[in-house]
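Visitor: data.txt is the file, holding compact mmCIF, C-alpha atoms:
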# COMPACT_ATOMS: atom_id res chain seq x y z
CA MET A 1 0.00 0.00 0.00
CA THR A 2 2.85 2.35 0.83
CA GLY A 3 4.53 1.55 -2.48
CA THR A 4 1.36 2.39 -4.39
CA LYS A 5 1.07 5.80 -2.73
CA PHE A 6 4.71 6.54 -3.52
CA THR A 7 4.20 5.71 -7.20
CA VAL A 8 1.20 7.99 -7.42
CA VAL A 9 3.23 10.84 -5.92
CA LEU A 10 5.98 10.36 -8.50
CA VAL A 11 3.57 10.30 -11.40
CA ALA A 12 1.78 13.41 -10.14
CA LEU A 13 5.11 15.20 -9.76
CA SER A 14 6.15 14.30 -13.29
CA ILE A 15 2.86 15.41 -14.81
CA SER A 16 3.13 18.72 -12.93
CA PHE A 17 6.54 19.24 -14.52
CA ALA A 18 5.03 18.64 -17.96
CA HIS A 19 2.66 21.59 -17.49
CA SER A 20 4.65 23.96 -15.28
CA LEU A 21 6.69 25.92 -17.83
CA LYS A 22 4.52 28.68 -19.26
CA PRO A 23 6.41 31.33 -21.21
CA ARG A 24 4.91 34.72 -21.99
CA GLU A 25 5.85 37.19 -24.68
CA ILE A 26 7.81 40.28 -23.66
CA GLY A 27 7.71 41.94 -27.08
CA HIS A 28 9.40 41.89 -30.44
CA VAL A 29 12.11 43.54 -32.53
CA SER A 30 11.32 44.42 -36.13
CA ILE A 31 13.76 42.68 -38.50
CA GLN A 32 13.29 42.11 -42.20
CA ARG A 33 12.81 38.36 -42.87
CA PRO A 34 14.67 36.92 -39.82
CA GLY A 35 15.76 33.31 -40.26
CA TYR A 36 18.34 32.18 -37.69
CA SER A 37 18.96 33.54 -34.20
CA SER A 38 22.00 33.09 -32.02
CA VAL A 39 22.74 34.52 -28.58
CA PHE A 40 26.18 34.49 -27.00
CA LYS A 41 28.65 36.70 -25.15
CA TYR A 42 30.53 38.66 -27.78
CA SER A 43 31.07 42.32 -26.82
CA ASP A 44 32.25 41.40 -23.31
CA GLU A 45 31.92 38.66 -20.70
CA LYS A 46 29.23 40.49 -18.74
CA SER A 47 26.40 40.56 -21.26
CA PHE A 48 24.78 38.59 -24.08
CA ASP A 49 24.50 39.85 -27.64
CA LEU A 50 21.82 38.79 -30.12
CA PHE A 51 22.69 37.86 -33.71
CA VAL A 52 20.06 37.34 -36.42
CA THR A 53 20.43 36.38 -40.06
CA SER A 54 17.91 37.64 -42.58
CA PHE A 55 17.17 36.45 -46.12
CA GLU A 56 14.76 37.21 -48.94
CA ALA A 57 13.52 34.36 -51.14
CA ALA A 58 13.95 36.32 -54.37
CA GLU A 59 16.88 36.74 -56.72
CA GLY A 60 18.65 40.10 -56.60
CA THR A 61 17.53 41.05 -53.09
CA GLU A 62 19.89 41.93 -50.25
CA ASP A 63 20.32 39.75 -47.18
CA GLU A 64 21.72 40.85 -43.84
CA ILE A 65 23.39 39.80 -40.61
CA TYR A 66 22.15 41.82 -37.64
CA MET A 67 23.39 42.32 -34.10
CA VAL A 68 21.80 43.71 -30.93
CA ARG A 69 24.33 44.39 -28.20
CA ASP A 70 23.54 43.55 -24.58
CA ILE A 71 20.04 42.34 -25.39
CA GLY A 72 19.36 41.61 -21.71
CA SER A 73 19.39 45.33 -20.85
CA LYS A 74 16.86 46.09 -23.61
CA LEU A 75 14.06 43.66 -22.73
CA LYS A 76 11.89 46.39 -21.21
CA ASN A 77 12.24 48.67 -24.24
CA LEU A 78 12.19 46.32 -27.21
CA GLY A 79 10.16 48.75 -29.28
CA GLN A 80 13.11 51.14 -29.24
CA VAL A 81 15.67 48.59 -30.44
CA VAL A 82 17.24 49.19 -33.85
CA PRO A 83 19.52 46.26 -34.77
CA GLU A 84 22.97 47.04 -36.13
CA VAL A 85 23.84 45.72 -39.58
CA LEU A 86 27.02 43.64 -39.57
CA SER A 87 26.91 42.89 -43.27
CA LYS A 88 24.72 43.25 -46.35
CA ASN A 89 27.27 41.51 -48.54
CA VAL A 90 25.88 38.01 -48.08
CA ASP A 91 23.47 35.81 -50.00
CA TRP A 92 21.16 33.82 -47.75
CA PRO A 93 23.10 33.61 -44.45
CA ASN A 94 22.20 30.56 -42.37
CA GLU A 95 23.79 29.92 -38.98
CA VAL A 96 26.08 32.57 -37.50
CA LYS A 97 28.13 31.87 -34.38
CA LYS A 98 31.38 32.83 -32.67
CA VAL A 99 34.70 31.37 -33.77
CA PRO A 100 36.57 29.97 -30.73
CA ASP A 101 39.34 32.37 -29.70
CA ASP A 102 42.00 29.67 -30.03
CA VAL A 103 41.39 29.23 -33.78
CA PHE A 104 43.29 32.43 -34.66
CA GLY A 105 44.62 33.37 -31.25
CA GLU A 106 42.47 36.48 -31.08
CA ASP A 107 38.97 37.47 -30.10
CA GLY A 108 36.12 38.79 -32.22
CA TYR A 109 35.68 36.47 -35.20
CA ILE A 110 32.22 35.23 -36.18
CA TRP A 111 31.53 32.58 -38.81
CA ALA A 112 28.65 32.63 -41.28
CA ALA A 113 27.50 29.69 -43.41
CA THR A 114 25.56 30.85 -46.45
CA GLY A 115 23.54 29.92 -49.54
CA PHE A 116 20.39 27.93 -50.26
CA MET A 117 18.43 26.45 -53.16
CA VAL A 118 16.95 29.78 -54.23
CA ALA A 119 17.63 31.35 -57.63
CA GLY A 120 20.64 33.65 -57.44
CA LYS A 121 21.54 32.54 -53.91
CA MET A 122 22.69 28.94 -54.30
CA ALA A 123 26.41 29.76 -54.38
CA GLY A 124 27.21 29.93 -50.69
CA TYR A 125 30.37 29.90 -48.64
CA VAL A 126 31.88 29.78 -45.17
CA GLY A 127 32.85 33.34 -44.31
CA LEU A 128 34.37 35.12 -41.33
CA LEU A 129 33.53 38.53 -39.85
CA ASN A 130 35.27 40.49 -37.11
CA PRO A 131 33.19 43.54 -36.11
CA LYS A 132 35.59 44.26 -33.24
CA LYS A 133 38.54 44.51 -35.60
CA HIS A 134 37.05 45.81 -38.83
CA GLY A 135 33.94 47.71 -37.74
CA MET A 136 30.55 47.54 -39.46
CA PRO A 137 29.35 46.79 -42.02
CA ASP A 138 31.93 44.15 -42.83
CA VAL A 139 32.50 42.06 -45.96
CA PRO A 140 32.92 38.40 -44.97
CA ASN A 141 36.35 36.89 -45.47
CA VAL A 142 35.61 33.72 -47.46
CA ILE A 143 37.67 30.66 -46.47
CA SER A 144 35.74 27.98 -48.40
CA VAL A 145 36.33 27.07 -52.03
CA ASN A 146 33.81 25.80 -54.59
CA PRO A 147 35.87 24.02 -57.28
CA GLY A 148 34.60 24.41 -60.82
CA ASP A 149 32.26 27.21 -59.70
CA VAL A 150 29.76 24.61 -58.45
CA PRO A 151 27.20 26.52 -56.33
CA TRP A 152 27.59 24.65 -53.04
CA PHE A 153 25.77 26.04 -50.02
CA TYR A 154 26.54 25.60 -46.30
CA HIS A 155 24.62 25.66 -43.01
CA ARG A 156 26.88 24.87 -40.04
CA VAL A 157 30.54 24.89 -38.99
CA GLU A 158 32.39 23.21 -36.12
CA TRP A 159 36.04 23.93 -35.37
CA ILE A 160 38.12 20.76 -34.99
CA ASP A 161 41.82 19.94 -35.46
CA MET A 162 41.27 17.41 -38.23
CA ASN A 163 44.91 16.54 -39.07
CA ASN A 164 46.67 16.82 -35.69
CA ASP A 165 48.76 19.85 -36.66
CA GLY A 166 47.65 21.85 -33.62
CA LEU A 167 45.37 24.13 -35.64
CA LYS A 168 41.58 23.98 -35.57
CA ASP A 169 40.03 23.52 -39.01
CA ALA A 170 36.55 24.32 -40.35
CA LEU A 171 34.42 21.16 -40.45
CA THR A 172 31.23 21.65 -42.45
CA ALA A 173 28.74 20.04 -44.83
CA ARG A 174 27.86 21.29 -48.30
CA THR A 175 24.99 20.78 -50.75
CA PHE A 176 24.46 21.39 -54.46
CA VAL A 177 21.07 20.89 -56.08
CA GLU A 178 20.67 20.38 -59.82
CA ASP A 179 17.31 21.10 -61.37
CA GLU A 180 16.86 18.57 -64.15
CA THR A 181 13.51 19.22 -65.85
CA SER A 182 10.87 17.94 -63.44
CA ASP A 183 13.24 16.41 -60.91
CA TYR A 184 16.09 17.42 -58.64
CA VAL A 185 19.50 15.79 -58.28
CA TYR A 186 21.19 16.30 -54.92
CA HIS A 187 24.93 16.32 -54.24
CA ALA A 188 26.22 16.57 -50.67
CA ASP A 189 29.52 16.10 -48.86
CA LEU A 190 31.01 16.26 -45.39
CA VAL A 191 34.14 18.37 -45.87
CA TRP A 192 36.76 20.30 -43.98
CA PHE A 193 38.81 23.35 -44.86
CA GLN A 194 42.38 23.25 -43.58
CA ASN A 195 43.55 26.11 -41.38
CA PRO A 196 46.73 27.49 -43.01
CA GLY A 197 47.97 28.90 -39.74
CA GLY A 198 46.50 32.37 -39.98
CA LEU A 199 43.89 34.52 -41.65
CA SER A 200 44.63 36.72 -44.63
CA THR A 201 43.22 40.23 -44.75
CA THR A 202 41.39 39.29 -47.95
CA SER A 203 39.34 36.25 -48.92
CA THR A 204 41.77 33.36 -49.28
CA PRO A 205 40.26 29.89 -49.66
CA TRP A 206 41.63 27.19 -47.40
CA GLN A 207 42.57 23.76 -48.73
CA LEU A 208 39.50 21.56 -49.27
CA HIS A 209 39.25 17.96 -47.98
CA VAL A 210 36.24 15.81 -48.85
CA LEU A 211 35.44 13.12 -46.26
CA VAL A 212 32.28 11.32 -47.39
CA ASP A 213 29.20 12.01 -49.49
CA GLY A 214 25.73 12.34 -47.98
CA PRO A 215 25.84 14.88 -45.12
CA ASP A 216 24.24 18.06 -46.42
CA CYS A 217 23.10 20.65 -43.86
CA PHE A 218 23.23 19.91 -40.13
CA PHE A 219 25.57 17.78 -38.02
CA HIS A 220 27.28 17.64 -34.64
CA THR A 221 30.52 16.08 -33.39
CA VAL A 222 30.82 13.92 -30.28
CA GLU A 223 33.47 11.72 -28.62
CA LEU A 224 32.18 8.14 -28.31
CA THR A 225 33.78 5.32 -26.35
CA LEU A 226 34.00 1.77 -27.71
CA PRO A 227 33.80 -1.39 -25.53
CA ASP A 228 37.62 -1.69 -25.52
CA GLY A 229 37.88 1.75 -23.90
CA THR A 230 39.13 3.61 -26.97
CA THR A 231 37.39 6.82 -27.98
CA LYS A 232 36.65 8.20 -31.41
CA LEU A 233 35.50 11.60 -32.56
CA CYS A 234 32.30 11.03 -34.53
CA VAL A 235 30.28 13.26 -36.82
CA ILE A 236 26.56 12.55 -36.62
CA SER A 237 24.65 13.98 -39.59
CA THR A 238 20.98 14.50 -40.35
CA GLN A 239 20.91 14.03 -44.12
CA TYR A 240 17.88 16.01 -45.24
CA PHE A 241 17.84 15.30 -48.96
CA THR A 242 18.70 11.58 -48.86
CA GLU A 243 16.56 10.98 -45.73
CA LYS A 244 19.25 9.31 -43.65
CA LEU A 245 20.71 9.66 -40.18
CA THR A 246 24.42 8.77 -40.29
CA VAL A 247 27.62 8.60 -38.26
CA THR A 248 31.13 9.17 -39.65
CA TRP A 249 34.48 8.47 -37.98
CA THR A 250 38.15 7.82 -38.72
CA ASP A 251 40.05 4.60 -38.07
CA ASP A 252 43.39 6.40 -37.97
CA PRO A 253 45.05 5.31 -34.68
CA ASN A 254 45.93 8.92 -33.91
CA GLY A 255 42.50 10.27 -34.77
CA SER A 256 43.58 12.08 -37.93
CA TRP A 257 41.04 12.70 -40.70
CA ALA A 258 43.71 13.51 -43.31
CA ASN A 259 43.73 10.13 -45.09
CA PRO A 260 40.48 9.41 -46.97
CA ASP A 261 41.18 5.65 -46.73
CA ASP A 262 40.70 5.82 -42.94
CA ILE A 263 37.23 7.40 -43.07
CA ARG A 264 34.26 5.19 -42.16
CA HIS A 265 30.55 5.92 -42.51
CA ARG A 266 27.41 4.17 -41.27
CA VAL A 267 23.65 4.67 -41.59
CA ILE A 268 21.93 4.81 -38.19
CA ASP A 269 18.37 5.12 -39.53
CA GLN A 270 16.67 6.05 -42.78
CA ASP A 271 13.44 6.64 -44.70
CA ARG A 272 11.39 8.27 -41.91
CA GLY A 273 11.38 11.60 -43.75
CA HIS A 274 13.79 14.52 -44.02
CA TYR A 275 16.16 14.19 -41.05
CA PHE A 276 16.45 17.88 -40.20
CA ASP A 277 18.58 18.59 -37.12
CA LEU A 278 19.87 16.93 -33.98
CA VAL A 279 21.01 17.47 -30.41
CA ILE A 280 23.34 15.20 -28.42
CA ASP A 281 22.33 14.98 -24.76
CA ASP A 282 21.37 12.52 -22.02
CA LEU A 283 17.64 12.57 -22.66
CA ASN A 284 16.47 9.95 -20.15
CA ASN A 285 18.87 10.65 -17.26
CA ASP A 286 20.61 7.26 -17.37
CA GLY A 287 24.13 8.71 -17.56
CA ARG A 288 24.52 7.99 -21.30
CA LEU A 289 24.32 10.28 -24.29
CA ASP A 290 21.39 10.06 -26.71
CA LEU A 291 20.32 11.81 -29.90
CA MET A 292 17.28 14.05 -30.21
CA VAL A 293 16.43 14.21 -33.92
CA THR A 294 13.76 16.20 -35.76
CA VAL A 295 12.23 14.57 -38.84
CA ASN A 296 10.71 17.13 -41.21
CA LYS A 297 7.73 16.21 -43.44
CA ASN A 298 4.83 17.86 -45.23
CA TRP A 299 2.47 15.86 -43.02
CA GLY A 300 3.29 13.76 -39.99
CA GLY A 301 6.66 15.18 -39.03
CA HIS A 302 8.01 13.93 -35.73
CA VAL A 303 10.73 14.07 -33.08
CA MET A 304 12.81 10.97 -32.37
CA ALA A 305 15.25 9.85 -29.68
CA TYR A 306 18.08 7.41 -30.41
CA GLU A 307 20.06 5.71 -27.68
CA ILE A 308 23.77 5.56 -28.48
CA PRO A 309 24.74 1.88 -28.08
CA ASP A 310 27.85 0.42 -26.43
CA ASN A 311 29.39 -0.16 -29.85
CA PHE A 312 28.25 2.60 -32.20
CA ILE A 313 29.94 0.82 -35.12
CA THR A 314 28.13 -2.52 -35.00
CA ASP A 315 25.16 -2.27 -32.63
CA ASP A 316 21.65 -1.04 -33.40
CA TRP A 317 20.69 2.42 -32.14
CA PRO A 318 17.38 1.95 -30.24
CA ALA A 319 14.79 4.47 -31.48
CA HIS A 320 11.92 6.09 -29.56
CA LEU A 321 9.16 8.36 -30.86
CA LEU A 322 8.94 11.42 -28.61
CA ALA A 323 6.38 13.56 -30.45
CA GLU A 324 4.42 13.47 -33.70
CA GLY A 325 1.73 15.29 -35.65
CA PHE A 326 3.81 18.16 -37.09
CA ASP A 327 2.35 19.37 -40.40
CA GLY A 328 4.26 21.77 -42.62
CA GLY A 329 1.76 21.98 -45.46
CA TYR A 330 1.41 20.83 -49.01
CA MET A 331 4.18 22.20 -51.25
CA TYR A 332 7.63 21.04 -52.24
CA GLY A 333 10.16 22.21 -49.65
CA ARG A 334 7.58 22.80 -46.91
CA GLY A 335 7.68 20.75 -43.75
CA ALA A 336 7.72 20.55 -39.96
CA PRO A 337 9.34 20.44 -37.47
CA GLY A 338 12.63 22.33 -37.81
CA SER A 339 15.60 22.72 -35.46
CA GLY A 340 15.42 22.37 -31.70
CA PHE A 341 17.50 21.88 -28.60
CA THR A 342 17.38 20.59 -25.06
CA PHE A 343 17.67 22.61 -21.86
CA ARG A 344 17.29 22.23 -18.13
CA PRO A 345 15.19 25.10 -16.77
CA ALA A 346 17.15 27.18 -14.28
CA SER A 347 13.91 27.88 -12.43
CA GLU A 348 13.27 24.14 -11.89
CA PRO A 349 16.57 22.65 -10.67
CA ASN A 350 14.91 19.44 -9.43
CA ARG A 351 14.17 18.22 -12.95
CA LYS A 352 16.17 15.18 -14.02
CA LYS A 353 15.41 14.94 -17.73
CA PRO A 354 15.89 17.89 -20.08
CA VAL A 355 13.09 19.79 -21.76
CA ILE A 356 13.03 19.98 -25.57
CA LEU A 357 12.27 23.23 -27.40
CA ILE A 358 11.33 22.79 -31.07
CA SER A 359 10.73 25.19 -33.95
CA GLY A 360 7.82 24.12 -36.12
CA ASP A 361 9.47 25.61 -39.23
CA ASP A 362 6.69 25.93 -41.84
CA ASP A 363 3.83 25.37 -39.38
CA GLY A 364 4.55 28.68 -37.62
CA MET A 365 4.63 27.21 -34.12
CA ILE A 366 7.08 26.75 -31.25
CA TYR A 367 6.75 23.69 -29.02
CA LEU A 368 7.85 22.46 -25.62
CA ILE A 369 8.25 18.68 -25.44
CA GLN A 370 8.55 17.38 -21.88
CA PRO A 371 8.76 13.93 -20.29
CA TYR A 372 5.69 12.68 -18.44
CA ASN A 373 7.82 10.64 -16.04
CA ASP A 374 10.91 12.48 -14.86
CA ASP A 375 12.13 9.57 -12.73
CA ASP A 376 12.00 6.51 -14.99
CA SER A 377 14.87 6.28 -17.50
CA ASN A 378 12.96 3.58 -19.39
CA ASP A 379 9.90 5.76 -19.94
CA TRP A 380 10.07 7.63 -23.26
CA GLN A 381 6.57 9.16 -23.16
CA TYR A 382 6.57 12.90 -23.78
CA HIS A 383 4.00 15.68 -23.75
CA LYS A 384 3.91 18.23 -26.60
CA THR A 385 2.65 21.78 -25.96
CA VAL A 386 2.37 24.71 -28.36
CA ILE A 387 3.79 27.81 -26.64
CA PHE A 388 3.81 30.24 -29.56
CA THR A 389 2.19 30.58 -32.96
CA THR A 390 2.50 33.06 -35.82
CA PRO A 391 1.35 33.14 -39.45
CA GLY A 392 3.82 31.62 -41.89
CA MET A 393 7.28 30.31 -41.12
CA VAL A 394 9.42 30.45 -37.98
CA GLY A 395 13.18 30.07 -38.06
CA SER A 396 15.83 28.74 -35.70
CA VAL A 397 15.20 29.71 -32.08
CA SER A 398 17.60 30.46 -29.24
CA LEU A 399 17.18 30.20 -25.47
CA VAL A 400 19.36 32.02 -22.92
CA ASP A 401 18.78 33.80 -19.61
CA VAL A 402 20.07 37.11 -20.94
CA ASP A 403 19.05 39.32 -18.00
CA ASN A 404 20.31 36.97 -15.26
CA ASP A 405 16.96 36.77 -13.43
CA GLY A 406 16.93 32.97 -13.21
CA TYR A 407 14.48 32.50 -16.10
CA GLU A 408 15.39 31.78 -19.72
CA GLU A 409 14.31 33.96 -22.63
CA ILE A 410 13.31 32.48 -26.01
CA PHE A 411 14.21 34.27 -29.26
CA ILE A 412 11.90 33.39 -32.17
CA PRO A 413 12.53 34.61 -35.74
CA ALA A 414 9.11 34.96 -37.39
CA TRP A 415 10.24 35.10 -41.00
CA SER A 416 6.85 35.69 -42.61
CA THR A 417 5.79 38.55 -40.31
CA GLN A 418 9.28 40.12 -40.12
CA LYS A 419 9.55 40.12 -36.34
CA LEU A 420 11.96 38.66 -33.79
CA HIS A 421 9.69 37.68 -30.88
CA ILE A 422 11.10 37.37 -27.36
CA LEU A 423 9.42 35.25 -24.68
CA THR A 424 10.40 34.63 -21.08
CA PHE A 425 9.61 31.96 -18.48
CA ALA A 426 9.67 34.63 -15.76
CA PRO A 427 6.22 35.20 -14.17
CA LEU A 428 4.65 38.62 -14.12
CA ARG A 429 5.61 40.52 -11.00
Mind turning the file's structure into structure tokens?

Guide:
Amino acid sequence: MTGTKFTVVLVALSISFAHSLKPREIGHVSIQRPGYSSVFKYSDEKSFDLFVTSFEAAEGTEDEIYMVRDIGSKLKNLGQVVPEVLSKNVDWPNEVKKVPDDVFGEDGYIWAATGFMVAGKMAGYVGLLNPKKHGMPDVPNVISVNPGDVPWFYHRVEWIDMNNDGLKDALTARTFVEDETSDYVYHADLVWFQNPGGLSTTSTPWQLHVLVDGPDCFFHTVELTLPDGTTKLCVISTQYFTEKLTVTWTDDPNGSWANPDDIRHRVIDQDRGHYFDLVIDDLNNDGRLDLMVTVNKNWGGHVMAYEIPDNFITDDWPAHLLAEGFDGGYMYGRGAPGSGFTFRPASEPNRKKPVILISGDDDGMIYLIQPYNDDDSNDWQYHKTVIFTTPGMVGSVSLVDVDNDGYEEIFIPAWSTQKLHILTFAPLR
């Protein structure tokens, strides 16, 4: 009888968690066609700055990278905020984030990955900006190279020493789409651009290394341990166009990626839809890393969890459906959900499993996905709640406690309505 009462208490506690987070909108900043948001400490170590990329889906139009300094101090006067323009000399900027200081041995560099399958904007690049050093607006310093003038486009960069020379290189994925009459042909590669040991004052492409075909837009790196105790750096990729979830690694005993013969590649899962983006985190609080993966579809998009097995090379990756019923609409290229991430609410430190925040992409919604049972690592049941909706498309969201009040803020680019909405979990006082 005592055991039964205890179980009921646990279940009630978990369900209360699933409904406790209730964000409210603070206001918005007007930005023309915002697509990706990113919030990090750039100007100094005391405050957070907001970065937003903006793009127009029409040939010949200008696209921008914006910045709002110390966004936490401006939350009460968002209507007065006028974002600074870092650059107008970009075509379709995607993710923008800070370059680690140890890449060049100096502070202030930001990377931008650009281009998309839109007429006049397919030829993208990996470019670098340094507003601290060069002022604004700034023309990106292009480090990528597109051999044969093939219009590759890029979405994400991670900085890894790929050849053990002590310099961090630019690891990225690229895509090129051919329009052949009534059909499309997709080309995609996981590549890295070799750091030459410094950055020229003008655009100077770095040496290109192609690792494997397939990865196209989003990926993350992670160190995984094999049963014999050895560790390998792995690249886990959500292959949107070929509808595969994959892992790539090197068999070089020293962990170098320089020799193509050492590169290995494996499909984790496939054919569920467009594998869109991923997060690597311990989702069920069992002390092991898992994958949270969004699968984008016109109808019936969903969010999956994959347990990373003891041997990632040979073992199956157990899959769990976390949330479903995302509908992006009927048109080629439309779909839901988009990118997302996990977080542990600062205002609820007793939670054990992370909360998932998801952008609905073409459905115009933002979702919280929370576990029903916070205590059972074998329970993969989750509750999906819509916390924000807007007409049209929403972009890539960010979540940071920018004003240090113990409650996170959510930054939502509403592309179709040309607003950057800001929500907070802080209650009204």

Visitor: Between A:Ile410, A:Leu224, A:Ala305, A:Leu50, single out the one closest to Ala426 of chain A, counting all atoms listed in the file.

Guide: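 Looking only at the distances to Ala426 of chain A, the closest residue turns out to be A:Ile410.
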
Visitor: Of the candidates A:Asp376, A:Asp405, A:Asp269, A:Glu95, which shows the shortest atom-to-atom distance to Val247 of chain A, using all atoms listed in the file?

Guide: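 Among the listed residues, the smallest separation from Val247 of chain A belongs to A:Asp269.
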
Visitor: Measuring between all atoms listed in the file, which one of A:Gly197, A:Gly255, A:Pro260, A:Gly124 shows the shortest distance to His209 of chain A?

Guide: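 When distances to His209 of chain A are compared using all atoms listed in the file, the smallest one comes from A:Pro260.
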
Visitor: Please provide the set of residues having any atom within 12 Å of Ile263 of chain A, restricted to all atoms listed in the file, with same-chain residues fewer than 4 positions apart removed, written as a ChimeraX atom specification.

Guide: /A:162,190-191,209-213,232-235,247-253,255-259

Visitor: Quick check, in Å to one decimal: how far apart do atom CA of Asp290 of chain A and atom CA of Leu423 of chain A lie?

Guide: 28.0 Å

Visitor: Restricting the calculation to all atoms listed in the file, which member of A:Val177, A:Ala346, A:Val303, A:Val139 is positioned closest to Phe276 of chain A?

Guide: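 Answer, going by the shortest atom-to-atom distance: A:Val303.
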
Visitor: Of the candidates A:Leu129, A:Met117, A:Ile71, A:Val150, which one gets nearest to Asn404 of chain A if we count only C-alpha atoms?

Guide: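 Of the candidates, the smallest distance to Asn404 of chain A is held by A:Ile71.
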
Visitor: So what do you get for atom CA of Ile31 of chain A versus atom CA of Gln418 of chain A, distance-wise?

Guide: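 A separation of 5.4 Å between them.
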
Visitor: Quote the spacing between atom CA of Trp152 of chain A and atom CA of Glu59 of chain A in Å to one decimal place.

Guide: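 Distance reported for this atom pair: 16.6 Å.
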
Visitor: Find the spatial neighbours of Glu84 of chain A, counting only C-alpha atoms, within a cut-off of 8 Å - ignore same-chain residues fewer than 5 positions away - and output them as a ChimeraX atom specification.

Guide: /A:66-68

Visitor: Pick out the closest residue to Phe176 of chain A from this set: A:Gly333, A:Gly214, A:Gly72, A:Pro318. Count only C-alpha atoms.

Guide: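 The answer is A:Gly214, which sits nearest to Phe176 of chain A.
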
Visitor: Within 9 Å of Leu226 of chain A, counting only C-alpha atoms, which residues show up once you throw out same-chain ones fewer than 2 positions away? Write them as a list in words, please.

Guide: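 Residues meeting the cut-off are Leu224, Asp228, Gly229, Thr230, Thr231, Lys232, Asp310, Asn311, Phe312 and Ile313 of chain A.
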
Visitor: Write a file of the just-selected residues containing C-alpha atoms, as a PDB file, keeping the file's coordinate frame.

Guide:
ATOM      1  CA  LEU A 224      32.180   8.140 -28.310  1.00  0.00           C
ATOM      2  CA  ASP A 228      37.620  -1.690 -25.520  1.00  0.00           C
ATOM      3  CA  GLY A 229      37.880   1.750 -23.900  1.00  0.00           C
ATOM      4  CA  THR A 230      39.130   3.610 -26.970  1.00  0.00           C
ATOM      5  CA  THR A 231      37.390   6.820 -27.980  1.00  0.00           C
ATOM      6  CA  LYS A 232      36.650   8.200 -31.410  1.00  0.00           C
ATOM      7  CA  ASP A 310      27.850   0.420 -26.430  1.00  0.00           C
ATOM      8  CA  ASN A 311      29.390  -0.160 -29.850  1.00  0.00           C
ATOM      9  CA  PHE A 312      28.250   2.600 -32.200  1.00  0.00           C
ATOM     10  CA  ILE A 313      29.940   0.820 -35.120  1.00  0.00           C
TER      11      ILE A 313
END

Visitor: Find the residues near Phe153 of chain A: any atom within 10 Å, counting all atoms listed in the file, skip ones fewer than 4 places away on the same chain, and give them as a ChimeraX atom specification.

Guide: /A:92-94,113-117,121-126,146,173-177,188,216-217

Visitor: Residues at most 10 Å from Ala119 of chain A, counting all atoms listed in the file, excluding those fewer than 6 positions away in the same chain, as a PyMOL selection string?

Guide: chain A and resi 57-60
